[in-house]
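The structure file protein-v2.csv is reproduced below (CSV, C-alpha atoms).
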chain,number,residue,atom,x,y,z
A,253,MET,CA,-38.2,-25.9,83.8
A,254,SER,CA,-37.3,-29.3,85.0
A,255,PRO,CA,-33.7,-30.7,84.8
A,256,THR,CA,-34.9,-33.2,82.2
A,257,GLU,CA,-36.4,-30.4,80.0
A,258,SER,CA,-33.4,-28.2,80.3
A,259,SER,CA,-31.0,-30.9,79.3
A,260,SER,CA,-33.0,-32.1,76.3
A,261,PRO,CA,-31.2,-31.4,73.0
A,262,SER,CA,-32.4,-28.7,70.6
A,263,PRO,CA,-34.0,-30.0,67.4
A,264,SER,CA,-32.0,-29.9,64.3
A,265,ARG,CA,-33.1,-27.3,61.8
A,266,TRP,CA,-32.1,-25.0,59.0
A,267,ARG,CA,-32.9,-21.4,58.5
A,268,LYS,CA,-33.0,-19.9,55.1
A,269,LEU,CA,-32.4,-16.2,54.6
A,270,LEU,CA,-32.3,-13.8,51.6
A,271,THR,CA,-30.6,-10.5,51.3
A,272,ASP,CA,-32.5,-7.5,50.2
A,273,PRO,CA,-32.8,-7.5,47.2
A,274,GLY,CA,-33.0,-11.3,47.0
A,275,HIS,CA,-29.8,-12.0,45.2
A,276,ILE,CA,-28.0,-14.0,47.9
A,277,ARG,CA,-29.3,-17.0,49.8
A,278,LEU,CA,-27.9,-18.1,53.1
A,279,VAL,CA,-28.6,-21.4,54.9
A,280,ALA,CA,-27.8,-21.7,58.6
A,281,LEU,CA,-27.8,-25.4,59.5
A,282,ASP,CA,-27.6,-27.0,62.9
A,283,ALA,CA,-27.7,-30.8,62.4
A,284,SER,CA,-26.2,-31.7,65.7
A,285,THR,CA,-29.2,-33.6,67.1
A,286,LEU,CA,-29.9,-35.3,63.8
A,287,ALA,CA,-26.3,-36.3,63.4
A,288,ARG,CA,-26.3,-37.9,66.9
A,289,GLU,CA,-29.5,-39.7,66.0
A,290,LEU,CA,-27.9,-41.1,62.8
A,291,ALA,CA,-24.8,-42.1,64.7
A,292,ASP,CA,-26.8,-43.8,67.5
A,293,LEU,CA,-28.7,-45.8,64.8
A,294,GLN,CA,-25.3,-47.0,63.6
A,295,LYS,CA,-24.0,-47.6,67.2
A,296,LEU,CA,-21.1,-45.3,66.4
A,297,SER,CA,-18.8,-43.5,68.9
A,298,GLY,CA,-15.8,-41.2,68.8
A,299,SER,CA,-14.3,-40.3,65.4
A,300,ALA,CA,-16.9,-42.3,63.5
A,301,GLN,CA,-19.6,-39.9,64.8
A,302,VAL,CA,-17.6,-37.0,63.5
A,303,GLY,CA,-17.2,-38.5,60.0
A,304,LEU,CA,-20.9,-39.3,59.7
A,305,ALA,CA,-21.8,-35.8,60.9
A,306,ASP,CA,-19.4,-34.1,58.5
A,307,ALA,CA,-21.0,-35.9,55.5
A,308,ALA,CA,-24.5,-35.2,56.8
A,309,VAL,CA,-23.8,-31.5,57.1
A,310,GLY,CA,-22.5,-31.4,53.5
A,311,ALA,CA,-25.5,-33.4,52.1
A,312,LEU,CA,-28.1,-31.3,53.9
A,313,LEU,CA,-26.5,-28.0,52.8
A,314,ILE,CA,-26.6,-29.2,49.2
A,315,ALA,CA,-30.2,-30.5,49.5
A,316,SER,CA,-31.3,-27.2,51.1
A,317,SER,CA,-30.9,-25.4,47.8
A,318,HIS,CA,-32.7,-28.0,45.6
A,319,LYS,CA,-36.3,-28.2,44.6
A,320,SER,CA,-38.9,-30.3,46.5
A,321,ASN,CA,-39.1,-32.9,43.8
A,322,GLU,CA,-35.4,-33.7,43.9
A,323,SER,CA,-33.3,-35.9,46.2
A,324,ILE,CA,-29.5,-35.8,47.0
A,325,ASN,CA,-27.1,-38.7,47.4
A,326,LEU,CA,-23.6,-37.8,48.7
A,327,ASN,CA,-20.9,-40.4,48.4
A,328,ALA,CA,-17.5,-39.5,49.8
A,329,LYS,CA,-14.6,-41.9,49.4
A,330,GLY,CA,-11.2,-41.0,50.9
A,331,SER,CA,-7.8,-42.4,51.8
A,332,GLY,CA,-7.9,-41.0,55.3
A,333,HIS,CA,-9.5,-42.1,58.6
A,334,PHE,CA,-12.9,-41.6,57.0
A,335,ARG,CA,-12.9,-44.2,54.2
A,336,GLN,CA,-16.5,-43.7,52.9
A,337,ALA,CA,-19.7,-42.1,53.8
A,338,ILE,CA,-23.1,-42.3,52.0
A,339,ILE,CA,-25.8,-39.8,52.9
A,340,ASP,CA,-29.2,-39.5,51.3
A,341,ALA,CA,-30.8,-36.0,51.9
A,342,SER,CA,-33.9,-34.2,50.7
A,343,PRO,CA,-35.1,-30.6,50.4
A,344,ASP,CA,-37.7,-31.3,53.0
A,345,GLY,CA,-35.0,-31.8,55.6
A,346,ARG,CA,-34.7,-35.6,55.9
A,347,ALA,CA,-31.5,-37.5,55.9
A,348,ARG,CA,-30.1,-41.0,56.4
A,349,GLY,CA,-26.6,-42.4,56.1
A,350,PHE,CA,-23.6,-44.4,57.3
A,351,VAL,CA,-19.8,-44.1,57.5
A,352,ILE,CA,-17.0,-46.6,57.1
A,353,LEU,CA,-13.6,-46.0,58.8
A,354,ASN,CA,-10.1,-46.8,57.9
A,355,GLU,CA,-8.8,-47.6,61.4
A,356,GLU,CA,-5.2,-47.7,60.2
A,357,SER,CA,-5.1,-44.0,59.3
A,358,PRO,CA,-4.2,-42.0,62.4
A,359,VAL,CA,-5.1,-38.5,60.9
A,360,ILE,CA,-8.8,-37.8,61.5
A,361,ASP,CA,-9.8,-36.5,58.1
A,362,TRP,CA,-10.8,-37.7,54.6
A,363,GLY,CA,-7.3,-37.7,53.1
A,364,THR,CA,-7.6,-37.6,49.3
A,365,GLY,CA,-10.3,-39.2,47.2
A,366,VAL,CA,-13.5,-38.5,45.4
A,367,LEU,CA,-16.8,-36.8,46.3
A,368,SER,CA,-19.8,-37.8,44.2
A,369,ILE,CA,-23.1,-35.9,44.3
A,370,LEU,CA,-26.0,-37.5,42.6
A,371,TYR,CA,-29.3,-35.7,42.5
A,372,THR,CA,-32.5,-37.2,41.1
A,373,LYS,CA,-35.6,-35.5,39.9
A,374,ASN,CA,-38.3,-37.6,41.3
A,375,PHE,CA,-40.7,-37.7,38.4
A,376,GLU,CA,-40.9,-39.8,35.2
A,377,GLY,CA,-38.6,-39.1,32.3
A,378,LYS,CA,-35.8,-37.3,34.2
A,379,HIS,CA,-32.4,-39.0,34.6
A,380,PRO,CA,-30.2,-38.6,37.7
A,381,TYR,CA,-27.3,-36.2,37.4
A,382,THR,CA,-23.9,-36.9,39.0
A,383,GLY,CA,-21.2,-34.4,39.7
A,384,MET,CA,-17.8,-35.7,40.8
A,385,VAL,CA,-14.9,-33.7,42.3
A,386,PRO,CA,-11.7,-34.6,44.0
A,387,ILE,CA,-11.1,-34.5,47.8
A,388,THR,CA,-7.7,-32.9,48.0
A,389,ASP,CA,-7.1,-31.5,51.4
A,390,GLY,CA,-8.8,-33.9,53.8
A,391,THR,CA,-12.0,-31.9,54.0
A,392,LEU,CA,-15.5,-32.1,52.4
A,393,GLU,CA,-15.8,-28.3,52.7
A,394,THR,CA,-13.2,-27.7,50.0
A,395,ALA,CA,-14.6,-30.5,47.8
A,396,ILE,CA,-18.2,-29.1,48.0
A,397,ASN,CA,-17.0,-25.7,47.1
A,398,GLU,CA,-15.3,-27.2,44.1
A,399,TYR,CA,-18.5,-29.1,43.3
A,400,TYR,CA,-20.5,-25.9,43.2
A,401,ARG,CA,-17.9,-24.2,41.1
A,402,ASP,CA,-17.4,-27.0,38.6
A,403,SER,CA,-20.6,-29.0,38.5
A,404,GLU,CA,-23.4,-26.6,39.3
A,405,GLN,CA,-21.5,-23.5,38.2
A,406,LEU,CA,-23.0,-21.5,41.1
A,407,VAL,CA,-21.0,-18.9,43.0
A,408,SER,CA,-21.4,-20.5,46.4
A,409,ARG,CA,-19.3,-21.0,49.6
A,410,VAL,CA,-19.8,-23.4,52.5
A,411,GLY,CA,-18.3,-23.6,55.9
A,412,PHE,CA,-18.5,-26.5,58.5
A,413,ARG,CA,-18.1,-26.7,62.2
A,414,VAL,CA,-18.1,-30.4,63.1
A,415,ARG,CA,-16.5,-31.7,66.3
A,416,ARG,CA,-17.0,-33.5,69.6
A,417,GLU,CA,-17.2,-31.5,72.8
A,418,GLY,CA,-17.1,-34.2,75.5
A,419,GLU,CA,-20.1,-36.4,74.9
A,420,ARG,CA,-21.7,-33.7,72.7
A,421,LEU,CA,-21.6,-33.9,68.9
A,422,ILE,CA,-21.6,-30.6,67.1
A,423,ALA,CA,-22.6,-30.6,63.5
A,424,ARG,CA,-23.2,-27.1,62.0
A,425,GLY,CA,-22.8,-25.5,58.6
A,426,VAL,CA,-23.5,-22.5,56.4
A,427,LEU,CA,-24.1,-22.0,52.7
A,428,VAL,CA,-23.8,-18.6,51.1
A,429,GLN,CA,-25.0,-18.7,47.4
A,430,ALA,CA,-25.6,-16.2,44.6
A,431,LEU,CA,-29.0,-16.3,42.9
A,432,GLY,CA,-30.2,-14.9,39.7
A,433,GLY,CA,-29.6,-11.1,39.4
A,434,ALA,CA,-26.6,-11.0,41.6
A,435,ASP,CA,-24.4,-8.1,40.5
A,436,PRO,CA,-20.5,-8.3,40.2
A,437,ASP,CA,-20.1,-6.8,43.7
A,438,GLU,CA,-22.3,-9.4,45.3
A,439,LEU,CA,-20.6,-12.2,43.5
A,440,ALA,CA,-17.2,-10.8,44.5
A,441,ALA,CA,-18.4,-10.6,48.2
A,442,ILE,CA,-19.3,-14.3,48.2
A,443,GLU,CA,-16.1,-15.4,46.5
A,444,ALA,CA,-14.0,-13.4,49.0
A,445,LEU,CA,-15.4,-15.3,52.0
A,446,SER,CA,-12.6,-17.2,53.6
A,447,THR,CA,-12.9,-20.6,55.3
A,448,PRO,CA,-12.2,-19.1,58.8
A,449,VAL,CA,-14.9,-16.6,58.4
A,450,LEU,CA,-17.4,-19.2,57.1
A,451,ARG,CA,-16.5,-21.5,60.0
A,452,GLU,CA,-17.0,-18.6,62.4
A,453,LEU,CA,-20.4,-18.0,60.9
A,454,ALA,CA,-21.3,-21.7,61.1
A,455,ASP,CA,-20.4,-21.7,64.8
A,456,LEU,CA,-23.1,-19.1,65.3
A,457,VAL,CA,-26.1,-20.9,63.8
A,458,GLU,CA,-27.4,-21.8,67.2
A,459,ASP,CA,-27.7,-18.0,68.0
A,460,PRO,CA,-29.8,-16.5,65.1
A,461,ALA,CA,-29.3,-12.9,66.2
A,462,ALA,CA,-25.5,-13.2,66.2
A,463,PHE,CA,-25.5,-15.2,63.0
A,464,ASP,CA,-27.6,-12.6,61.2
A,465,ALA,CA,-25.5,-9.8,62.5
A,466,LEU,CA,-22.2,-11.3,61.3
A,467,ALA,CA,-23.7,-12.4,58.0
A,468,ALA,CA,-25.0,-8.9,57.3
A,469,ARG,CA,-21.6,-7.5,58.1
A,470,ILE,CA,-19.5,-9.8,55.9
A,471,LEU,CA,-21.9,-9.2,53.0
A,472,GLY,CA,-21.4,-5.5,53.1
A,473,GLY,CA,-24.2,-4.4,55.4
A,474,LYS,CA,-27.1,-6.1,53.6
A,475,THR,CA,-30.5,-6.5,55.2
A,476,LEU,CA,-31.5,-10.2,55.7
A,477,THR,CA,-35.0,-11.6,55.6
A,478,LEU,CA,-35.9,-15.0,57.1
A,479,VAL,CA,-37.8,-17.0,54.5
A,480,GLU,CA,-37.9,-20.5,56.1
A,481,THR,CA,-37.2,-22.4,59.3
A,482,LEU,CA,-37.5,-26.2,59.0
A,483,ASP,CA,-36.9,-28.9,61.5
A,484,LEU,CA,-34.8,-31.8,60.2
A,485,GLU,CA,-35.4,-35.5,60.8
A,486,SER,CA,-34.0,-38.9,60.0
A,487,PHE,CA,-35.7,-41.4,57.7
A,488,CYS,CA,-35.3,-44.8,56.1
A,489,THR,CA,-37.1,-46.4,53.2
A,490,CYS,CA,-36.2,-50.0,54.0
A,491,GLY,CA,-38.9,-52.7,54.4
A,492,THR,CA,-39.7,-56.3,53.7
A,493,GLU,CA,-40.8,-55.6,50.1
A,494,ARG,CA,-37.6,-53.6,49.3
A,495,ILE,CA,-35.4,-56.4,50.9
A,496,GLU,CA,-37.1,-59.0,48.7
A,497,ARG,CA,-36.6,-56.8,45.6
A,498,ALA,CA,-32.9,-56.6,46.4
A,499,LEU,CA,-32.7,-60.3,46.8
A,500,LEU,CA,-34.3,-60.8,43.4
A,501,LEU,CA,-31.8,-58.5,41.8
A,502,THR,CA,-29.0,-60.4,43.5
A,503,GLY,CA,-30.2,-63.6,41.9
A,504,ALA,CA,-31.2,-67.0,43.1
A,505,ALA,CA,-27.7,-68.6,42.9
A,506,ASP,CA,-26.0,-66.0,45.1
A,507,THR,CA,-28.9,-65.6,47.5
A,508,LEU,CA,-29.4,-69.3,48.1
A,509,ASP,CA,-25.6,-69.8,48.4
A,510,ALA,CA,-25.6,-67.2,51.2
A,511,LEU,CA,-28.5,-69.0,52.9
A,512,GLY,CA,-26.8,-72.4,52.8
A,513,THR,CA,-28.5,-74.8,55.1
A,514,ASP,CA,-29.8,-72.1,57.5
A,515,PRO,CA,-33.5,-71.8,58.0
A,516,TYR,CA,-33.5,-68.1,57.2
A,517,LEU,CA,-31.3,-65.4,55.7
A,518,GLU,CA,-30.5,-62.4,58.0
A,519,ILE,CA,-30.2,-59.0,56.3
A,520,THR,CA,-29.4,-55.7,58.1
A,521,CYS,CA,-30.3,-52.3,56.6
A,522,ASP,CA,-27.1,-50.3,56.1
A,523,PHE,CA,-28.9,-47.1,57.1
A,524,CYS,CA,-31.1,-47.8,60.1
A,525,ARG,CA,-29.6,-51.2,61.1
A,526,ARG,CA,-33.0,-52.8,61.3
A,527,GLU,CA,-32.7,-56.6,60.9
A,528,TYR,CA,-34.8,-58.7,58.5
A,529,ARG,CA,-35.1,-62.4,58.4
A,530,VAL,CA,-36.3,-64.1,55.2
A,531,SER,CA,-37.1,-67.8,55.6
A,532,SER,CA,-35.9,-70.4,53.2
A,533,GLU,CA,-39.5,-71.1,52.3
A,534,ARG,CA,-40.1,-67.5,51.4
A,535,LEU,CA,-36.9,-67.4,49.3
A,536,ASN,CA,-37.9,-70.5,47.3
A,537,ALA,CA,-41.3,-68.9,46.7
A,538,LEU,CA,-39.7,-65.7,45.5
A,539,PHE,CA,-37.5,-67.3,43.0
A,540,SER,CA,-40.1,-69.7,41.7
A,541,ARG,CA,-42.4,-66.9,40.4
A,542,ASP,CA,-42.2,-64.0,38.1
A,543,PRO,CA,-39.9,-61.3,39.7
A,544,SER,CA,-41.9,-58.5,38.1
A,545,ARG,CA,-44.7,-59.1,40.6
A,546,LEU,CA,-42.6,-57.4,43.2
A,547,GLN,CA,-41.8,-54.3,41.1
Represent the structure of the file as structure tokens.
Amino acid sequence: MSPTESSSPSPSRWRKLLTDPGHIRLVALDASTLARELADLQKLSGSAQVGLADAAVGALLIASSHKSNESINLNAKGSGHFRQAIIDASPDGRARGFVILNEESPVIDWGTGVLSILYTKNFEGKHPYTGMVPITDGTLETAINEYYRDSEQLVSRVGFRVRREGERLIARGVLVQALGGADPDELAAIEALSTPVLRELADLVEDPAAFDALAARILGGKTLTLVETLDLESFCTCGTERIERALLLTGAADTLDALGTDPYLEITCDFCRREYRVSSERLNALFSRDPSRLQ
């Protein structure tokens, strides 16, 4: 193997496993390469990479347990160094997102705030559902555990291992979740999982054999069956047509005021940082016709 091949990062992926019988689901998530890709799109460095990776791990873990016709939006707002992160994630392993920092906060965490999880069923007649929980201890781990308990009422536990090791960004997580038919002993085993144990498990996701061995042991010697391995990827839905729709929703007065006397309006996608230029002629044409033509 050449030096270039040996140094290339491993693809981000999740592995889904079921205990035998299938009453407990586990998701082993390694989003390190994907998190770095998202951070590079945003031109982030240092602690900003960690904040974005932390939110991406949380959103992907939640998305991993949803159906294929649903999508997840995670919106974390805190008083700490990480002021806000928005991540869109889907059950097919795609994610996009950005983070905003509070540079004045010296403690590298979320402080206190609110975590909102919106999931949308992507077919006609179904309204989005939003669950909101407080961020109380500076971590999204605790908030997501509260979300599962209060909003989805599922016996579930998550653990994160997100950090920087030199130039390397580590973004790993684990979800252990009861499914239908779980008996009281199985529910109690999940509820008894401590944060240190879950973090230790998350640290092993890059080593499937070690992960599976520890997972089986902490769940009372259960046999685990691999049911899915999925590579993860970034995505964005921006495009000229979407930008023009957004401008129509903003309205002619505000849009043309932002344009001023410039020959074009510059707009940057929050997620992928792609830049769009809409000329003054195009703006005048947009606002001189029926906006429904762009819907």
For this session: Rounded to one decimal place, report the CA of Glu404 (chain A)-CA of Leu456 (chain A) distance in Å.
Result: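 These atoms are spaced 27.1 Å apart.
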Problem set entry | Option closest in space to Leu296 (chain A), from A:Leu421, A:Ala505, A:Val385, A:Ile314 [counting all atoms listed in the file] | A:Leu421
Exercise. When you draw a straight line from CA of Glu485 (chain A) to CA of Asn327 (chain A), how long is it in Å?
Worked result: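 Result for CA of Glu485 (chain A) versus CA of Asn327 (chain A): 19.7 Å, one decimal.
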Give me the region 422-485 of chain A side of the contact with region 282-286 of chain A, cut-off 9 Å, one line per residue showing its nearest atom pair and distance in Å at one decimal, counting only C-alpha atoms, sorted by chain and residue number, as a tab-separated table.
residue	atom	partner	partner_atom	distance
A:Ile422	CA	A:Ser284	CA	4.9
A:Ala423	CA	A:Ser284	CA	4.4
A:Arg424	CA	A:Asp282	CA	4.5
A:Gly425	CA	A:Asp282	CA	6.6
A:Val426	CA	A:Asp282	CA	8.9
A:Ala454	CA	A:Asp282	CA	8.4
A:Val457	CA	A:Asp282	CA	6.3
A:Glu458	CA	A:Asp282	CA	6.8
A:Leu484	CA	A:Leu286	CA	7.0
A:Glu485	CA	A:Leu286	CA	6.3
For this session: Tell me which protein, DNA and RNA residues are within 9 Å of Trp266 (chain A), counting all atoms listed in the file, leaving out same-chain ones fewer than 6 positions away, and put them as an NGL selection string.
Result: :A and (279-283 or 313 or 316 or 345 or 457 or 480-484)
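The gap separating CA of Ile360 (chain A) from CA of Ile339 (chain A) is 19.2 Å, in Å to one decimal.
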For this session: Excluding Ile495 (chain A) and any residue of its chain fewer than 4 positions from it, enumerate the residues within 9 Å of it, using only C-alpha atoms, and give them as a ChimeraX atom specification.
Result: /A:490-491,499-500,519,521,528,530
Problem set entry | Contacts of region 444-452 of chain A at 9 Å (only C-alpha atoms; same-chain gap of 5+ positions) as a list in words |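 What passes the distance filter is Glu393, Thr394, Arg409, Val410, Gly411, Phe412, Arg413, Arg424, Gly425, Val426, Leu427, Val428, Leu439, Ile470 and Leu471 of chain A.
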Pull C-alpha atoms from the residues just selected and write them as a PDB file, in the frame of the given file.
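What landed in selection-v3.pdb:
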ATOM      1  CA  GLU A 393     -15.800 -28.300  52.700  1.00  0.00           C
ATOM      2  CA  THR A 394     -13.200 -27.700  50.000  1.00  0.00           C
ATOM      3  CA  ARG A 409     -19.300 -21.000  49.600  1.00  0.00           C
ATOM      4  CA  VAL A 410     -19.800 -23.400  52.500  1.00  0.00           C
ATOM      5  CA  GLY A 411     -18.300 -23.600  55.900  1.00  0.00           C
ATOM      6  CA  PHE A 412     -18.500 -26.500  58.500  1.00  0.00           C
ATOM      7  CA  ARG A 413     -18.100 -26.700  62.200  1.00  0.00           C
ATOM      8  CA  ARG A 424     -23.200 -27.100  62.000  1.00  0.00           C
ATOM      9  CA  GLY A 425     -22.800 -25.500  58.600  1.00  0.00           C
ATOM     10  CA  VAL A 426     -23.500 -22.500  56.400  1.00  0.00           C
ATOM     11  CA  LEU A 427     -24.100 -22.000  52.700  1.00  0.00           C
ATOM     12  CA  VAL A 428     -23.800 -18.600  51.100  1.00  0.00           C
ATOM     13  CA  LEU A 439     -20.600 -12.200  43.500  1.00  0.00           C
ATOM     14  CA  ILE A 470     -19.500  -9.800  55.900  1.00  0.00           C
ATOM     15  CA  LEU A 471     -21.900  -9.200  53.000  1.00  0.00           C
TER      16      LEU A 471
END
Problem set entry | Option closest in space to Pro358 (chain A), from A:Arg469, A:His379, A:His318, A:His333 [counting all atoms listed in the file] |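 Residue with the minimum atom-to-atom distance to Pro358 (chain A): A:His333.
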Exercise. Given the choices A:Ala504, A:Val359, A:Leu290, A:Ala311, which gets closest to Pro343 (chain A) if the distance is worked out from all atoms listed in the file?
Worked result: A:Ala311
For this session: Return the single residue from A:Leu278, A:Ile324, A:Leu535, A:Leu406 that is closest to Asp506 (chain A), with distances computed using only C-alpha atoms.
Result: A:Leu535
Problem set entry | Using only C-alpha atoms: which of A:Ser331, A:Ser540, A:Ser299, A:Asn325 has the shortest distance to Pro380 (chain A) |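 Of the candidates, the smallest distance to Pro380 (chain A) is held by A:Asn325.
You can rank A:Thr388, A:Asn536, A:Ser486, A:Gln294 by their closest distance to Asp344 (chain A) using all atoms listed in the file, and at the top of that list sits A:Ser486.
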Exercise. Residues around (-12.5, -42.4, 60.5), cut-off 7 Å, counting only C-alpha atoms - what are they as a list in words?
Worked result: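 Taken together, the residues in range are Ser299, Ala300, Gly303, His333, Phe334, Arg335, Leu353, Asn354, Glu355, Ile360 and Asp361 of chain A.
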Close residues, Val302 (chain A) itself excluded, 8 Å, all atoms listed in the file, min 5 positions apart in chain, as a PDB file with C-alpha atoms, keeping the file's coordinate frame:
ATOM      1  CA  VAL A 414     -18.100 -30.400  63.100  1.00  0.00           C
ATOM      2  CA  ARG A 415     -16.500 -31.700  66.300  1.00  0.00           C
ATOM      3  CA  ARG A 416     -17.000 -33.500  69.600  1.00  0.00           C
ATOM      4  CA  LEU A 421     -21.600 -33.900  68.900  1.00  0.00           C
TER       5      LEU A 421
END
